[in-house]
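See structure below.
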Amino acid sequence: MSSLHGKYLVGIFDDEDVVLHAIPEIRNAGVKILEVFTPFPIHGLDEVLGYKRSKIDIAAFMFGLTGFILGITMISYMLYFDWPMNIGGKSNLPIPDFVPVTFELTVLCTAFGMVITFLIISGLLPGKKPVHFDIRCTDHKFVMAIELSSNKLSDEEIRGILTANGAEEVNVKEF
């Protein structure tokens with residue numbers, strides 16, 4: 001979110017229930033909400049904001065599959081092609097012996113892949129400047145950010161709608 005530019009109206013709420021019940025009213029008034037920042041997760045906030053289910057589980061599966069294939073390929077190459085050893089007449093490709101290494105590589109690739117994916121999606125890569133609409137959202141306030149350029153209503157109309165729906169404070173923030 002560090003690529004935000006423009007003028008934003010920031011509504012600050014004191015209670016999670018007020019925010020949760022204000023969102024449908026604000027959206028029905030024709031206001032497009034950019035994001036709601038909360039100090040803790042609020043059950044049902046995603047549905048009220050109209051967010052679709054994340055596809056991050058597909059990314060996790062693909063990272064795990066990559067680790068699995070990497071493990072099988074690595075062990076097969078090492079034991080069969082690169083350095084084959086005949087130990088007691090056993091097979092060069094003992095599949096049950098592959099399980100621990102394959103499992104560990106699957107977990108390792110999934111973990112690293114998901115951490116990197118999270119950092120990219122959330123914009124927390126090193127060197128990026130964080131965007132704070134209001135620093136109190138990390139402690140005890142609930143912050144609703146509304147981009148003014150994407151809304152047809154004027155600043156004063158949106159300010160009135162926010163105040164009527166329980167916002168205790170409405171500020172203008174420019175990035």
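By convention here, the chains of the structure tokens are called A, B, ... in the order presented, each chain's residues are numbered starting at 1, and ligands are numbered starting at 1 in the order presented.
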
Check: Could you pull the residues within 12 Å of Leu105 in chain A, counting only C-alpha atoms, minus those fewer than 5 positions along the same chain, as a list in words?
Finding: Phe63, Gly64, Leu65, Thr66, Gly67, Phe68, Ile69, Leu70, Gly71, Ile72, Thr73, Met74, Ile75, Phe98, Val99, Pro100, Thr110, Ala111, Phe112 and Gly113 of chain A

Please give the complete set of residues from chain A that DSSP, run on the backbone, assigns to strand (DSSP E or B), formatted as a PDB file with N, CA and C atoms, in the first residue's frame.
ATOM      1  N   LYS A   7      -5.635  12.282  -2.213  1.00  0.00           N
ATOM      2  CA  LYS A   7      -6.287  12.822  -1.036  1.00  0.00           C
ATOM      3  C   LYS A   7      -7.291  11.802  -0.507  1.00  0.00           C
ATOM      4  N   TYR A   8      -7.258  11.583   0.815  1.00  0.00           N
ATOM      5  CA  TYR A   8      -8.106  10.581   1.442  1.00  0.00           C
ATOM      6  C   TYR A   8      -8.850  11.193   2.610  1.00  0.00           C
ATOM      7  N   LEU A   9     -10.074  10.737   2.810  1.00  0.00           N
ATOM      8  CA  LEU A   9     -10.851  11.109   3.974  1.00  0.00           C
ATOM      9  C   LEU A   9     -10.763   9.943   4.950  1.00  0.00           C
ATOM     10  N   VAL A  10     -10.373  10.221   6.177  1.00  0.00           N
ATOM     11  CA  VAL A  10     -10.126   9.183   7.167  1.00  0.00           C
ATOM     12  C   VAL A  10     -11.126   9.336   8.306  1.00  0.00           C
ATOM     13  N   GLY A  11     -11.996   8.337   8.445  1.00  0.00           N
ATOM     14  CA  GLY A  11     -12.960   8.326   9.541  1.00  0.00           C
ATOM     15  C   GLY A  11     -12.431   7.465  10.666  1.00  0.00           C
ATOM     16  N   ILE A  12     -12.453   7.992  11.879  1.00  0.00           N
ATOM     17  CA  ILE A  12     -11.934   7.274  13.037  1.00  0.00           C
ATOM     18  C   ILE A  12     -13.096   6.905  13.947  1.00  0.00           C
ATOM     19  N   PHE A  13     -13.192   5.619  14.240  1.00  0.00           N
ATOM     20  CA  PHE A  13     -14.273   5.086  15.055  1.00  0.00           C
ATOM     21  C   PHE A  13     -13.694   4.546  16.358  1.00  0.00           C
ATOM     22  N   GLU A  35     -10.342   1.037   2.490  1.00  0.00           N
ATOM     23  CA  GLU A  35      -9.913   0.020   3.445  1.00  0.00           C
ATOM     24  C   GLU A  35     -10.349   0.415   4.839  1.00  0.00           C
ATOM     25  N   VAL A  36     -10.489  -0.597   5.703  1.00  0.00           N
ATOM     26  CA  VAL A  36     -10.761  -0.370   7.124  1.00  0.00           C
ATOM     27  C   VAL A  36      -9.621  -1.012   7.896  1.00  0.00           C
ATOM     28  N   PHE A  37      -8.961  -0.216   8.735  1.00  0.00           N
ATOM     29  CA  PHE A  37      -7.829  -0.689   9.525  1.00  0.00           C
ATOM     30  C   PHE A  37      -8.272  -0.856  10.970  1.00  0.00           C
ATOM     31  N   PHE A 142     -10.424   2.411  15.239  1.00  0.00           N
ATOM     32  CA  PHE A 142     -10.780   1.761  13.990  1.00  0.00           C
ATOM     33  C   PHE A 142     -10.823   2.840  12.923  1.00  0.00           C
ATOM     34  N   VAL A 143     -10.049   2.653  11.857  1.00  0.00           N
ATOM     35  CA  VAL A 143      -9.852   3.701  10.860  1.00  0.00           C
ATOM     36  C   VAL A 143     -10.423   3.261   9.520  1.00  0.00           C
ATOM     37  N   MET A 144     -11.262   4.104   8.932  1.00  0.00           N
ATOM     38  CA  MET A 144     -11.840   3.842   7.619  1.00  0.00           C
ATOM     39  C   MET A 144     -11.265   4.862   6.635  1.00  0.00           C
ATOM     40  N   ALA A 145     -10.600   4.365   5.604  1.00  0.00           N
ATOM     41  CA  ALA A 145      -9.990   5.241   4.602  1.00  0.00           C
ATOM     42  C   ALA A 145     -10.862   5.265   3.351  1.00  0.00           C
ATOM     43  N   ILE A 146     -11.133   6.471   2.863  1.00  0.00           N
ATOM     44  CA  ILE A 146     -11.964   6.669   1.678  1.00  0.00           C
ATOM     45  C   ILE A 146     -11.202   7.567   0.721  1.00  0.00           C
ATOM     46  N   GLU A 147     -10.960   7.055  -0.494  1.00  0.00           N
ATOM     47  CA  GLU A 147     -10.263   7.848  -1.509  1.00  0.00           C
ATOM     48  C   GLU A 147     -11.247   8.832  -2.124  1.00  0.00           C
ATOM     49  N   GLU A 169     -14.333  11.173  14.614  1.00  0.00           N
ATOM     50  CA  GLU A 169     -13.370  12.132  14.070  1.00  0.00           C
ATOM     51  C   GLU A 169     -13.228  11.855  12.579  1.00  0.00           C
ATOM     52  N   VAL A 170     -13.184  12.892  11.755  1.00  0.00           N
ATOM     53  CA  VAL A 170     -12.980  12.748  10.314  1.00  0.00           C
ATOM     54  C   VAL A 170     -11.871  13.708   9.895  1.00  0.00           C
ATOM     55  N   ASN A 171     -10.822  13.153   9.306  1.00  0.00           N
ATOM     56  CA  ASN A 171      -9.655  13.949   8.892  1.00  0.00           C
ATOM     57  C   ASN A 171      -9.376  13.765   7.416  1.00  0.00           C
ATOM     58  N   VAL A 172      -8.661  14.706   6.852  1.00  0.00           N
ATOM     59  CA  VAL A 172      -8.197  14.596   5.480  1.00  0.00           C
ATOM     60  C   VAL A 172      -6.701  14.268   5.518  1.00  0.00           C
ATOM     61  N   LYS A 173      -6.317  13.251   4.786  1.00  0.00           N
ATOM     62  CA  LYS A 173      -4.911  12.828   4.737  1.00  0.00           C
ATOM     63  C   LYS A 173      -4.464  12.834   3.283  1.00  0.00           C
ATOM     64  N   GLU A 174      -3.308  13.381   3.024  1.00  0.00           N
ATOM     65  CA  GLU A 174      -2.793  13.455   1.651  1.00  0.00           C
ATOM     66  C   GLU A 174      -1.425  12.791   1.597  1.00  0.00           C
TER      67      GLU A 174
END

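Summary of the local environment: counting only C-alpha atoms, residues at most 12 Å from range 118-123 of chain A, other than itself and those fewer than 6 positions away along its chain, are Met1, Ser2, Ser3, Leu4, Ser54, Lys55, Ile56, Asp57, Ala59, Ala60, Thr110, Ala111, Phe112, Lys129, Pro130 and Val131 of chain A.
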
Write out the residues from the selection above, keeping N, CA and C atoms, as a CSV table (one decimal), in the first residue's frame.
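File written: again07.csv
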chain,number,residue,atom,x,y,z
A,1,MET,N,0.8,-1.2,0.0
A,1,MET,CA,0.0,0.0,0.0
A,1,MET,C,0.9,1.3,0.0
A,2,SER,N,2.1,1.1,-0.2
A,2,SER,CA,3.0,2.3,-0.2
A,2,SER,C,2.9,3.1,-1.5
A,3,SER,N,2.2,2.6,-2.5
A,3,SER,CA,2.1,3.4,-3.7
A,3,SER,C,0.8,4.3,-3.8
A,4,LEU,N,0.3,4.6,-2.6
A,4,LEU,CA,-0.9,5.4,-2.6
A,4,LEU,C,-0.5,6.9,-2.8
A,54,SER,N,-9.8,-15.2,-0.5
A,54,SER,CA,-8.4,-15.2,-0.9
A,54,SER,C,-8.0,-16.5,-1.6
A,55,LYS,N,-7.1,-16.4,-2.6
A,55,LYS,CA,-6.6,-17.6,-3.3
A,55,LYS,C,-5.2,-17.9,-2.8
A,56,ILE,N,-4.9,-17.5,-1.6
A,56,ILE,CA,-3.5,-17.7,-1.1
A,56,ILE,C,-3.3,-19.2,-0.8
A,57,ASP,N,-4.4,-20.0,-0.6
A,57,ASP,CA,-4.2,-21.4,-0.4
A,57,ASP,C,-3.7,-22.1,-1.6
A,59,ALA,N,-1.6,-20.7,-3.7
A,59,ALA,CA,-0.2,-20.4,-3.7
A,59,ALA,C,0.5,-21.3,-2.8
A,60,ALA,N,0.0,-21.6,-1.6
A,60,ALA,CA,0.6,-22.5,-0.7
A,60,ALA,C,0.7,-23.9,-1.2
A,110,THR,N,7.2,-24.4,1.2
A,110,THR,CA,5.9,-23.8,1.5
A,110,THR,C,6.1,-22.6,2.4
A,111,ALA,N,6.9,-22.8,3.5
A,111,ALA,CA,7.1,-21.7,4.5
A,111,ALA,C,7.8,-20.5,3.8
A,112,PHE,N,8.8,-20.7,3.1
A,112,PHE,CA,9.6,-19.6,2.5
A,112,PHE,C,8.7,-18.9,1.5
A,129,LYS,N,8.4,2.5,2.2
A,129,LYS,CA,8.0,3.4,3.2
A,129,LYS,C,6.5,3.0,3.6
A,130,PRO,N,6.2,2.8,4.9
A,130,PRO,CA,4.9,2.4,5.3
A,130,PRO,C,3.9,3.5,5.1
A,131,VAL,N,2.6,3.2,4.9
A,131,VAL,CA,1.6,4.2,4.8
A,131,VAL,C,0.7,4.0,6.0

Notebook entry, point to check: Taking only C-alpha atoms into account, which of A:Met114, A:Ser76, A:Glu156, A:Ile33 comes nearest Ser91 in chain A?
Noted result: A:Ser76

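If only C-alpha atoms are the atoms counted, then among A:Thr102, A:Asp155, A:Lys141, A:Arg27 the closest residue to Ala167 in chain A is A:Lys141.
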